[in-house]
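> Encoded as structure tokens, here's the structure I'll be asking about.
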Amino acid sequence: MAGKKAQADRAVSKGGQTLTTIADCNSLILGTAQLGMAYGIANRVGQPGQREAKKIVETALNEGISHFDTAQDYGESEALLGIILNELDAAGKVKITTKLHPDINLLNEKEVIRAVESSMRKLKNPQLYCLMLHRERYLDLLEKGLNVILEKIIGDGYAKHIGISVYSPAAAFAALKALPIDIVQLPANLLDRRFEKSGVFRVAAASGKLIHIRSVFLQGLLLMEAKDVPATMSFTLPVIRRLEEIARETHLTRNALALHYVKIKYPSSNIIFGAESPAHVCENCNIWGSDVANDLMEKIENAFPAVEERILNPTLWH
């Protein structure tokens with residue numbers, strides 16, 4: 001399982017600008033929802049076939065990515081990922097985060113354990129890196145007995161960490177206080193700075209808990225051309241057009257703008273990204289290792305001082 005040698009952060013001067021490089025792809029997590037189903041508003045190719053999916057995973061491994069994010073309700077994602085990792089002799093050698101299916105009775109210990117064991121069999125992994133709760137509303141179940149079940153999962157060696165996926169800063173703060181949760185997955189991108197402004201990242205660092213950032217591309221919306229935005233989402237056009245202007249001004253792709261922003265803004269977090277092809281994986285890793293002008297942050301934040309929630313929250317799009 002080859003991987004690019006990690007490079008330390010460095011600052012260089014080029015053309016009068018201070019540039020920052022962060023080239024360690026170990027902080028990237030490959031999201032595999034795309035492997036199990038057609039995912040994302042900008043997805044034009046649908047679910048890849050098994051051969052293409054294998055190339056995507058193999059490319060990620062070769063780029064130094066050793067962490068994969070999946071879920072029990074991502075269609076065939078778990079099973080396909082397990083088959084591919086086994087074929088690539090990487091099963092049991094990588095980190096896997098998976099999420100419990102929303103339909104599971106989380107207060108039934110036997111049902112939860114069966115679901116975890118099913119995921120482990122599909123993924124061909126002797127231990128999960130993180131077992132994650134898929135909805136922030138499950139925080140309410142912790143004090144009703146779910147915490148005991150999750151502690152047993154850790155104690156019996158099924159998983160190293162327990163996490164939860166949240167949508168609001170309030171839920172993030174609650175998760176950071178809750179045991180045995182030690183990883184919080186949340187959305188953040190160049191438009192969505194709600195969690196940063198509320199202090200979630202600062203509290204996480206102080207409490208020694210980890211943040212996994214998803215929705216870096218806002219389910220693909222940030223990568224769409226204005227002309228391709230559906231009529232039902234015309235309310236996003238002013239933001240998309242302004243983003244296109246910044247891309248032209250900085251001579252960067254929207255993909256690069258999105259990744260550069262989160263890698264500078266959240267250096268202690270792990271970043272989840274999805275890919276529809278091996279080329280997308282290579283492109284994202286190359287961007288991650290490229291130089292970033294330090295004034296890019298200010299340019300982006302000045303352009304988008306506040307963005308309405310119906311743009312930031314995909315559940316409000318339709």
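Every chain in the structure tokens has a letter given in the order shown (A, B, ...), and although residue numbers restart at 1 in each chain, ligands are simply numbered from 1 in the order shown.
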Could you pull out all residues of segment 66-260 of chain A with a DSSP call of strand (DSSP E or B) and give them as a ChimeraX atom specification?
/A:67-69,95-99,128-133,159-165,181-187,210-214
> For the residues in the current selection, export N, CA and C atoms as a CSV table (one decimal), in the first residue's frame.

```csv
chain,number,residue,atom,x,y,z
A,67,HIS,N,-8.0,6.5,5.5
A,67,HIS,CA,-9.2,6.6,6.3
A,67,HIS,C,-10.4,6.7,5.4
A,68,PHE,N,-11.4,5.9,5.6
A,68,PHE,CA,-12.6,5.8,4.7
A,68,PHE,C,-13.8,6.0,5.6
A,69,ASP,N,-14.8,6.8,5.1
A,69,ASP,CA,-16.0,7.1,5.8
A,69,ASP,C,-17.2,6.5,5.0
A,95,LYS,N,-8.2,2.8,8.4
A,95,LYS,CA,-9.2,3.3,9.4
A,95,LYS,C,-10.6,3.3,8.7
A,96,ILE,N,-11.6,2.8,9.3
A,96,ILE,CA,-12.9,2.8,8.8
A,96,ILE,C,-13.9,3.5,9.8
A,97,THR,N,-14.6,4.5,9.3
A,97,THR,CA,-15.7,5.1,10.1
A,97,THR,C,-17.0,4.7,9.4
A,98,THR,N,-17.9,4.1,10.2
A,98,THR,CA,-19.2,3.8,9.6
A,98,THR,C,-20.3,4.3,10.6
A,99,LYS,N,-21.5,4.5,10.0
A,99,LYS,CA,-22.6,5.1,10.8
A,99,LYS,C,-23.7,4.0,10.9
A,128,LEU,N,-13.5,-1.4,14.0
A,128,LEU,CA,-13.9,-0.1,13.4
A,128,LEU,C,-13.0,1.0,14.0
A,129,TYR,N,-12.6,2.0,13.3
A,129,TYR,CA,-11.9,3.1,13.9
A,129,TYR,C,-12.9,4.0,14.6
A,130,CYS,N,-14.1,4.2,14.0
A,130,CYS,CA,-15.1,5.0,14.7
A,130,CYS,C,-16.5,4.4,14.3
A,131,LEU,N,-17.3,4.2,15.3
A,131,LEU,CA,-18.7,3.9,15.1
A,131,LEU,C,-19.5,5.2,15.4
A,132,MET,N,-20.2,5.6,14.4
A,132,MET,CA,-20.8,7.0,14.5
A,132,MET,C,-22.4,6.9,14.5
A,133,LEU,N,-23.0,7.7,15.3
A,133,LEU,CA,-24.4,7.9,15.3
A,133,LEU,C,-24.8,8.8,14.1
A,159,ALA,N,-14.9,-1.1,18.4
A,159,ALA,CA,-14.5,0.2,17.8
A,159,ALA,C,-13.6,0.9,18.7
A,160,LYS,N,-12.7,1.7,18.1
A,160,LYS,CA,-11.8,2.5,19.0
A,160,LYS,C,-12.4,3.8,19.5
A,161,HIS,N,-13.3,4.4,18.6
A,161,HIS,CA,-14.0,5.7,19.0
A,161,HIS,C,-15.5,5.6,18.7
A,162,ILE,N,-16.2,6.5,19.4
A,162,ILE,CA,-17.6,6.7,19.2
A,162,ILE,C,-17.8,8.1,18.7
A,163,GLY,N,-18.6,8.3,17.6
A,163,GLY,CA,-18.8,9.6,17.1
A,163,GLY,C,-20.3,9.9,16.8
A,164,ILE,N,-20.6,11.1,16.4
A,164,ILE,CA,-21.9,11.5,16.0
A,164,ILE,C,-21.9,12.5,15.0
A,165,SER,N,-22.8,12.4,14.0
A,165,SER,CA,-22.9,13.4,12.9
A,165,SER,C,-24.0,14.5,13.3
A,181,ILE,N,-18.8,9.8,23.5
A,181,ILE,CA,-18.5,10.4,22.2
A,181,ILE,C,-17.2,11.2,22.3
A,182,ASP,N,-16.3,10.9,21.3
A,182,ASP,CA,-15.0,11.7,21.2
A,182,ASP,C,-14.7,12.2,19.8
A,183,ILE,N,-15.6,11.9,18.9
A,183,ILE,CA,-15.5,12.5,17.5
A,183,ILE,C,-16.8,13.1,17.1
A,184,VAL,N,-16.8,14.3,16.6
A,184,VAL,CA,-18.0,15.0,16.1
A,184,VAL,C,-17.8,15.3,14.6
A,185,GLN,N,-18.7,14.8,13.8
A,185,GLN,CA,-18.7,15.1,12.4
A,185,GLN,C,-19.7,16.2,12.1
A,186,LEU,N,-19.2,17.2,11.4
A,186,LEU,CA,-20.1,18.4,11.2
A,186,LEU,C,-19.8,19.0,9.8
A,187,PRO,N,-20.8,19.8,9.3
A,187,PRO,CA,-20.5,20.4,8.0
A,187,PRO,C,-19.8,21.8,8.1
A,210,LEU,N,-12.1,15.1,18.7
A,210,LEU,CA,-11.7,15.3,17.3
A,210,LEU,C,-12.9,15.8,16.5
A,211,ILE,N,-12.6,16.6,15.4
A,211,ILE,CA,-13.7,17.0,14.5
A,211,ILE,C,-13.4,16.5,13.1
A,212,HIS,N,-14.4,15.9,12.5
A,212,HIS,CA,-14.4,15.4,11.1
A,212,HIS,C,-15.3,16.4,10.4
A,213,ILE,N,-14.8,17.0,9.3
A,213,ILE,CA,-15.5,18.0,8.6
A,213,ILE,C,-16.1,17.3,7.3
A,214,ARG,N,-17.4,17.4,7.1
A,214,ARG,CA,-18.0,16.9,5.9
A,214,ARG,C,-18.6,18.1,5.1
```
> Determine, for each residue of segment 132-220 of chain A having at least one atom at most 8 Å from an atom of segment 287-311 of chain A, the closest pair of atoms and their separation in Å to one decimal, counting only C-alpha atoms; order by chain and ascending number, as JSON lines.

```
{"residue": "A:Leu190", "atom": "CA", "partner": "A:Ile300", "partner_atom": "CA", "distance": 7.0}
{"residue": "A:Leu191", "atom": "CA", "partner": "A:Phe304", "partner_atom": "CA", "distance": 6.5}
{"residue": "A:Asp192", "atom": "CA", "partner": "A:Val307", "partner_atom": "CA", "distance": 7.3}
```
> For all heavy atoms, I'd like the residues from the last selection saved as a PDB file, in the first residue's frame.

```pdb
ATOM      1  N   LEU A 190     -16.468  26.972   2.796  1.00  0.00           N
ATOM      2  CA  LEU A 190     -16.163  28.401   2.644  1.00  0.00           C
ATOM      3  C   LEU A 190     -17.389  29.296   2.779  1.00  0.00           C
ATOM      4  O   LEU A 190     -17.261  30.505   2.973  1.00  0.00           O
ATOM      5  CB  LEU A 190     -15.429  28.663   1.327  1.00  0.00           C
ATOM      6  CG  LEU A 190     -16.056  28.221  -0.007  1.00  0.00           C
ATOM      7  CD1 LEU A 190     -17.121  29.187  -0.459  1.00  0.00           C
ATOM      8  CD2 LEU A 190     -14.973  28.108  -1.068  1.00  0.00           C
ATOM      9  N   LEU A 191     -18.579  28.712   2.710  1.00  0.00           N
ATOM     10  CA  LEU A 191     -19.802  29.476   2.965  1.00  0.00           C
ATOM     11  C   LEU A 191     -20.299  29.285   4.389  1.00  0.00           C
ATOM     12  O   LEU A 191     -20.900  30.182   4.981  1.00  0.00           O
ATOM     13  CB  LEU A 191     -20.921  29.052   2.002  1.00  0.00           C
ATOM     14  CG  LEU A 191     -20.719  29.282   0.512  1.00  0.00           C
ATOM     15  CD1 LEU A 191     -21.968  28.833  -0.242  1.00  0.00           C
ATOM     16  CD2 LEU A 191     -20.416  30.740   0.209  1.00  0.00           C
ATOM     17  N   ASP A 192     -20.081  28.098   4.932  1.00  0.00           N
ATOM     18  CA  ASP A 192     -20.676  27.704   6.204  1.00  0.00           C
ATOM     19  C   ASP A 192     -19.650  27.808   7.341  1.00  0.00           C
ATOM     20  O   ASP A 192     -18.833  26.911   7.547  1.00  0.00           O
ATOM     21  CB  ASP A 192     -21.196  26.268   6.097  1.00  0.00           C
ATOM     22  CG  ASP A 192     -22.059  25.883   7.290  1.00  0.00           C
ATOM     23  OD1 ASP A 192     -22.120  26.656   8.262  1.00  0.00           O
ATOM     24  OD2 ASP A 192     -22.691  24.805   7.232  1.00  0.00           O
TER      25      ASP A 192
END
```
> Can you tell me which residues surround Glu117 of chain A at a distance of at most 12 Å, considering only C-alpha atoms, apart from same-chain residues fewer than 3 positions away, and format the answer as a list in words?
Gln72, Thr98, Leu100, Lys110, Glu111, Val112, Ile113, Arg114, Met120, Arg121, Lys122, Leu123, Lys124, Asn125, Pro126, Gln127, Leu128, Leu131, Ile153, Asp156, Gly157, Tyr158 and Ala159 of chain A
> Run DSSP on the backbone of this structure and report the residues of segment 64-221 of chain A it assigns to helix (DSSP H, G or I), as a CSV table (one decimal) with N, CA, C and O atoms, in the first residue's frame.

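Generated output (result_24.csv):
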```csv
chain,number,residue,atom,x,y,z
A,77,SER,N,-22.3,0.6,-0.2
A,77,SER,CA,-21.0,1.2,0.1
A,77,SER,C,-20.1,0.3,1.0
A,77,SER,O,-19.0,0.0,0.7
A,78,GLU,N,-20.7,-0.1,2.1
A,78,GLU,CA,-19.9,-1.0,3.0
A,78,GLU,C,-19.4,-2.2,2.4
A,78,GLU,O,-18.2,-2.6,2.5
A,79,ALA,N,-20.3,-3.0,1.8
A,79,ALA,CA,-20.0,-4.3,1.2
A,79,ALA,C,-18.9,-4.1,0.1
A,79,ALA,O,-17.9,-4.8,0.0
A,80,LEU,N,-19.1,-3.1,-0.8
A,80,LEU,CA,-18.2,-2.9,-1.9
A,80,LEU,C,-16.9,-2.4,-1.4
A,80,LEU,O,-15.8,-2.9,-1.9
A,81,LEU,N,-16.8,-1.5,-0.4
A,81,LEU,CA,-15.6,-1.1,0.1
A,81,LEU,C,-14.8,-2.2,0.7
A,81,LEU,O,-13.6,-2.4,0.6
A,82,GLY,N,-15.5,-3.1,1.4
A,82,GLY,CA,-14.8,-4.3,2.0
A,82,GLY,C,-14.2,-5.2,1.0
A,82,GLY,O,-13.1,-5.7,1.1
A,83,ILE,N,-15.0,-5.5,-0.1
A,83,ILE,CA,-14.5,-6.3,-1.2
A,83,ILE,C,-13.2,-5.7,-1.8
A,83,ILE,O,-12.2,-6.4,-2.0
A,84,ILE,N,-13.3,-4.4,-2.1
A,84,ILE,CA,-12.2,-3.7,-2.7
A,84,ILE,C,-10.9,-3.7,-1.8
A,84,ILE,O,-9.8,-4.0,-2.3
A,85,LEU,N,-11.1,-3.3,-0.6
A,85,LEU,CA,-10.0,-3.3,0.3
A,85,LEU,C,-9.3,-4.7,0.5
A,85,LEU,O,-8.1,-4.8,0.5
A,86,ASN,N,-10.1,-5.7,0.5
A,86,ASN,CA,-9.6,-7.1,0.5
A,86,ASN,C,-8.8,-7.4,-0.7
A,86,ASN,O,-7.7,-8.0,-0.6
A,87,GLU,N,-9.3,-7.0,-1.9
A,87,GLU,CA,-8.6,-7.3,-3.1
A,87,GLU,C,-7.3,-6.5,-3.2
A,87,GLU,O,-6.3,-7.0,-3.8
A,109,GLU,N,-29.5,-3.4,22.9
A,109,GLU,CA,-28.1,-3.8,22.8
A,109,GLU,C,-27.8,-4.9,21.8
A,109,GLU,O,-26.9,-4.7,21.0
A,110,LYS,N,-28.6,-5.9,21.8
A,110,LYS,CA,-28.4,-7.0,20.9
A,110,LYS,C,-28.5,-6.6,19.4
A,110,LYS,O,-27.7,-7.0,18.5
A,111,GLU,N,-29.5,-5.7,19.2
A,111,GLU,CA,-29.7,-5.2,17.8
A,111,GLU,C,-28.5,-4.3,17.3
A,111,GLU,O,-28.1,-4.4,16.2
A,112,VAL,N,-28.0,-3.5,18.2
A,112,VAL,CA,-26.9,-2.6,17.9
A,112,VAL,C,-25.7,-3.5,17.7
A,112,VAL,O,-24.9,-3.2,16.7
A,113,ILE,N,-25.4,-4.4,18.5
A,113,ILE,CA,-24.2,-5.3,18.4
A,113,ILE,C,-24.3,-6.1,17.1
A,113,ILE,O,-23.3,-6.2,16.3
A,114,ARG,N,-25.5,-6.6,16.7
A,114,ARG,CA,-25.6,-7.3,15.5
A,114,ARG,C,-25.3,-6.4,14.3
A,114,ARG,O,-24.7,-6.8,13.3
A,115,ALA,N,-25.8,-5.2,14.4
A,115,ALA,CA,-25.5,-4.2,13.3
A,115,ALA,C,-24.0,-3.9,13.1
A,115,ALA,O,-23.5,-3.8,12.0
A,116,VAL,N,-23.4,-3.8,14.3
A,116,VAL,CA,-21.9,-3.5,14.2
A,116,VAL,C,-21.2,-4.7,13.7
A,116,VAL,O,-20.3,-4.5,12.8
A,117,GLU,N,-21.5,-5.9,14.1
A,117,GLU,CA,-20.9,-7.1,13.6
A,117,GLU,C,-21.1,-7.2,12.1
A,117,GLU,O,-20.2,-7.7,11.4
A,118,SER,N,-22.3,-6.9,11.6
A,118,SER,CA,-22.6,-7.0,10.2
A,118,SER,C,-21.7,-6.0,9.4
A,118,SER,O,-21.2,-6.4,8.4
A,119,SER,N,-21.5,-4.8,9.9
A,119,SER,CA,-20.6,-3.8,9.2
A,119,SER,C,-19.2,-4.4,9.2
A,119,SER,O,-18.5,-4.3,8.2
A,120,MET,N,-18.7,-4.9,10.3
A,120,MET,CA,-17.4,-5.4,10.4
A,120,MET,C,-17.2,-6.6,9.4
A,120,MET,O,-16.1,-6.6,8.7
A,121,ARG,N,-18.2,-7.4,9.2
A,121,ARG,CA,-18.1,-8.5,8.3
A,121,ARG,C,-18.0,-8.0,6.8
A,121,ARG,O,-17.2,-8.4,6.0
A,122,LYS,N,-18.9,-7.0,6.5
A,122,LYS,CA,-18.9,-6.5,5.2
A,122,LYS,C,-17.6,-5.7,4.9
A,122,LYS,O,-17.1,-5.8,3.8
A,123,LEU,N,-17.1,-5.0,5.8
A,123,LEU,CA,-15.9,-4.2,5.6
A,123,LEU,C,-14.6,-5.0,5.8
A,123,LEU,O,-13.5,-4.5,5.5
A,136,GLU,N,-28.2,13.7,15.0
A,136,GLU,CA,-27.9,14.5,16.2
A,136,GLU,C,-29.0,14.2,17.2
A,136,GLU,O,-28.8,14.4,18.4
A,137,ARG,N,-30.2,13.9,16.8
A,137,ARG,CA,-31.3,13.7,17.8
A,137,ARG,C,-31.0,12.5,18.7
A,137,ARG,O,-31.6,12.3,19.7
A,138,TYR,N,-30.1,11.6,18.3
A,138,TYR,CA,-29.8,10.4,19.1
A,138,TYR,C,-29.0,10.8,20.4
A,138,TYR,O,-28.8,10.0,21.3
A,139,LEU,N,-28.6,12.1,20.5
A,139,LEU,CA,-28.0,12.6,21.7
A,139,LEU,C,-28.9,12.4,22.9
A,139,LEU,O,-28.5,12.1,24.0
A,140,ASP,N,-30.2,12.5,22.6
A,140,ASP,CA,-31.2,12.4,23.7
A,140,ASP,C,-31.3,10.9,24.3
A,140,ASP,O,-31.8,10.7,25.4
A,141,LEU,N,-30.8,10.0,23.5
A,141,LEU,CA,-30.9,8.6,23.9
A,141,LEU,C,-29.7,8.2,24.8
A,141,LEU,O,-29.7,7.1,25.4
A,142,LEU,N,-28.7,9.0,24.8
A,142,LEU,CA,-27.5,8.6,25.6
A,142,LEU,C,-27.8,8.3,27.1
A,142,LEU,O,-27.4,7.3,27.7
A,143,GLU,N,-28.6,9.2,27.7
A,143,GLU,CA,-28.9,9.1,29.1
A,143,GLU,C,-30.0,8.1,29.4
A,143,GLU,O,-30.3,7.7,30.5
A,144,LYS,N,-30.5,7.5,28.3
A,144,LYS,CA,-31.6,6.5,28.4
A,144,LYS,C,-31.0,5.1,28.3
A,144,LYS,O,-31.8,4.1,28.2
A,146,LEU,N,-28.2,4.4,25.9
A,146,LEU,CA,-27.4,4.2,24.7
A,146,LEU,C,-25.9,4.4,25.1
A,146,LEU,O,-25.0,3.7,24.5
A,147,ASN,N,-25.6,5.2,26.1
A,147,ASN,CA,-24.2,5.4,26.5
A,147,ASN,C,-23.6,4.1,27.0
A,147,ASN,O,-22.4,3.8,26.7
A,148,VAL,N,-24.4,3.3,27.7
A,148,VAL,CA,-23.9,2.1,28.3
A,148,VAL,C,-23.6,1.1,27.1
A,148,VAL,O,-22.5,0.4,27.1
A,149,ILE,N,-24.4,1.1,26.1
A,149,ILE,CA,-24.2,0.2,25.0
A,149,ILE,C,-23.0,0.6,24.2
A,149,ILE,O,-22.2,-0.3,23.8
A,150,LEU,N,-22.8,1.9,24.0
A,150,LEU,CA,-21.6,2.4,23.3
A,150,LEU,C,-20.4,2.1,24.0
A,150,LEU,O,-19.3,1.8,23.4
A,151,GLU,N,-20.4,2.3,25.3
A,151,GLU,CA,-19.2,2.0,26.2
A,151,GLU,C,-18.9,0.5,26.1
A,151,GLU,O,-17.7,0.1,26.1
A,152,LYS,N,-19.8,-0.4,26.0
A,152,LYS,CA,-19.6,-1.8,25.8
A,152,LYS,C,-18.9,-2.1,24.5
A,152,LYS,O,-18.0,-2.9,24.4
A,153,ILE,N,-19.4,-1.4,23.4
A,153,ILE,CA,-18.8,-1.5,22.1
A,153,ILE,C,-17.3,-1.2,22.1
A,153,ILE,O,-16.5,-1.9,21.5
A,154,ILE,N,-17.0,-0.1,22.8
A,154,ILE,CA,-15.6,0.3,23.0
A,154,ILE,C,-14.8,-0.8,23.9
A,154,ILE,O,-13.7,-1.2,23.5
A,155,GLY,N,-15.4,-1.1,25.0
A,155,GLY,CA,-14.8,-2.1,25.9
A,155,GLY,C,-14.5,-3.4,25.3
A,155,GLY,O,-13.5,-4.1,25.6
A,169,PRO,N,-24.7,23.9,15.6
A,169,PRO,CA,-23.7,24.2,16.7
A,169,PRO,C,-24.2,23.7,18.0
A,169,PRO,O,-23.4,23.2,18.8
A,170,ALA,N,-25.5,23.9,18.3
A,170,ALA,CA,-26.0,23.5,19.6
A,170,ALA,C,-25.8,22.0,19.9
A,170,ALA,O,-25.4,21.6,20.9
A,171,ALA,N,-26.1,21.2,18.8
A,171,ALA,CA,-25.9,19.8,19.0
A,171,ALA,C,-24.4,19.4,19.1
A,171,ALA,O,-24.0,18.5,19.8
A,172,ALA,N,-23.6,20.2,18.4
A,172,ALA,CA,-22.1,19.9,18.5
A,172,ALA,C,-21.6,20.2,19.9
A,172,ALA,O,-20.8,19.4,20.4
A,173,PHE,N,-22.1,21.3,20.5
A,173,PHE,CA,-21.6,21.5,21.9
A,173,PHE,C,-22.1,20.4,22.8
A,173,PHE,O,-21.4,20.0,23.7
A,174,ALA,N,-23.4,20.0,22.6
A,174,ALA,CA,-23.9,18.9,23.5
A,174,ALA,C,-23.1,17.6,23.3
A,174,ALA,O,-22.8,16.9,24.2
A,175,ALA,N,-22.7,17.3,22.0
A,175,ALA,CA,-21.9,16.1,21.7
A,175,ALA,C,-20.5,16.2,22.3
A,175,ALA,O,-20.0,15.2,22.8
A,176,LEU,N,-19.9,17.4,22.3
A,176,LEU,CA,-18.6,17.5,22.9
A,176,LEU,C,-18.6,17.3,24.4
A,176,LEU,O,-17.5,17.0,25.0
A,177,LYS,N,-19.7,17.5,25.1
A,177,LYS,CA,-19.8,17.2,26.5
A,177,LYS,C,-20.2,15.8,26.8
A,177,LYS,O,-20.1,15.4,28.0
A,194,ARG,N,-20.7,28.6,10.6
A,194,ARG,CA,-21.5,28.7,11.8
A,194,ARG,C,-20.8,28.0,13.0
A,194,ARG,O,-20.8,28.6,14.1
A,195,PHE,N,-20.2,26.9,12.8
A,195,PHE,CA,-19.5,26.2,13.9
A,195,PHE,C,-18.3,26.9,14.4
A,195,PHE,O,-18.0,26.9,15.6
A,196,GLU,N,-17.6,27.5,13.4
A,196,GLU,CA,-16.4,28.2,13.8
A,196,GLU,C,-16.8,29.5,14.6
A,196,GLU,O,-16.2,29.7,15.7
A,197,LYS,N,-17.8,30.2,14.1
A,197,LYS,CA,-18.2,31.4,14.8
A,197,LYS,C,-18.7,31.2,16.2
A,197,LYS,O,-18.6,32.0,17.1
A,198,SER,N,-19.3,30.0,16.4
A,198,SER,CA,-19.9,29.7,17.7
A,198,SER,C,-18.9,29.2,18.7
A,198,SER,O,-19.2,29.0,19.9
A,200,VAL,N,-17.2,26.1,18.4
A,200,VAL,CA,-17.2,24.7,18.5
A,200,VAL,C,-15.8,24.1,18.3
A,200,VAL,O,-15.3,23.2,19.1
A,201,PHE,N,-15.0,24.6,17.4
A,201,PHE,CA,-13.6,24.1,17.2
A,201,PHE,C,-12.7,24.4,18.4
A,201,PHE,O,-11.9,23.6,18.7
A,202,ARG,N,-12.9,25.6,19.0
A,202,ARG,CA,-12.1,25.9,20.1
A,202,ARG,C,-12.4,25.0,21.3
A,202,ARG,O,-11.5,24.5,22.0
A,203,VAL,N,-13.7,24.7,21.5
A,203,VAL,CA,-14.1,23.9,22.6
A,203,VAL,C,-13.6,22.4,22.4
A,203,VAL,O,-13.2,21.7,23.3
A,204,ALA,N,-13.7,22.0,21.1
A,204,ALA,CA,-13.2,20.6,20.8
A,204,ALA,C,-11.7,20.5,21.1
A,204,ALA,O,-11.3,19.5,21.7
A,205,ALA,N,-11.0,21.5,20.7
A,205,ALA,CA,-9.5,21.4,21.0
A,205,ALA,C,-9.2,21.4,22.5
A,205,ALA,O,-8.4,20.7,22.9
A,206,ALA,N,-10.0,22.2,23.2
A,206,ALA,CA,-9.8,22.3,24.7
A,206,ALA,C,-10.1,21.0,25.4
A,206,ALA,O,-9.5,20.6,26.4
A,207,SER,N,-11.1,20.3,24.8
A,207,SER,CA,-11.6,19.0,25.4
A,207,SER,C,-10.9,17.8,24.9
A,207,SER,O,-11.2,16.7,25.3
A,218,LEU,N,-20.3,21.3,-0.2
A,218,LEU,CA,-21.7,21.5,0.0
A,218,LEU,C,-22.5,20.6,-1.0
A,218,LEU,O,-23.3,21.1,-1.8
A,219,GLN,N,-22.2,19.3,-0.9
A,219,GLN,CA,-22.8,18.3,-1.7
A,219,GLN,C,-22.7,18.6,-3.2
A,219,GLN,O,-23.5,18.2,-4.0
A,220,GLY,N,-21.6,19.3,-3.6
A,220,GLY,CA,-21.3,19.5,-5.0
A,220,GLY,C,-21.8,20.9,-5.5
A,220,GLY,O,-21.5,21.3,-6.6
A,221,LEU,N,-22.6,21.6,-4.7
A,221,LEU,CA,-23.2,22.8,-5.1
A,221,LEU,C,-22.1,23.8,-5.4
A,221,LEU,O,-22.1,24.6,-6.4
```
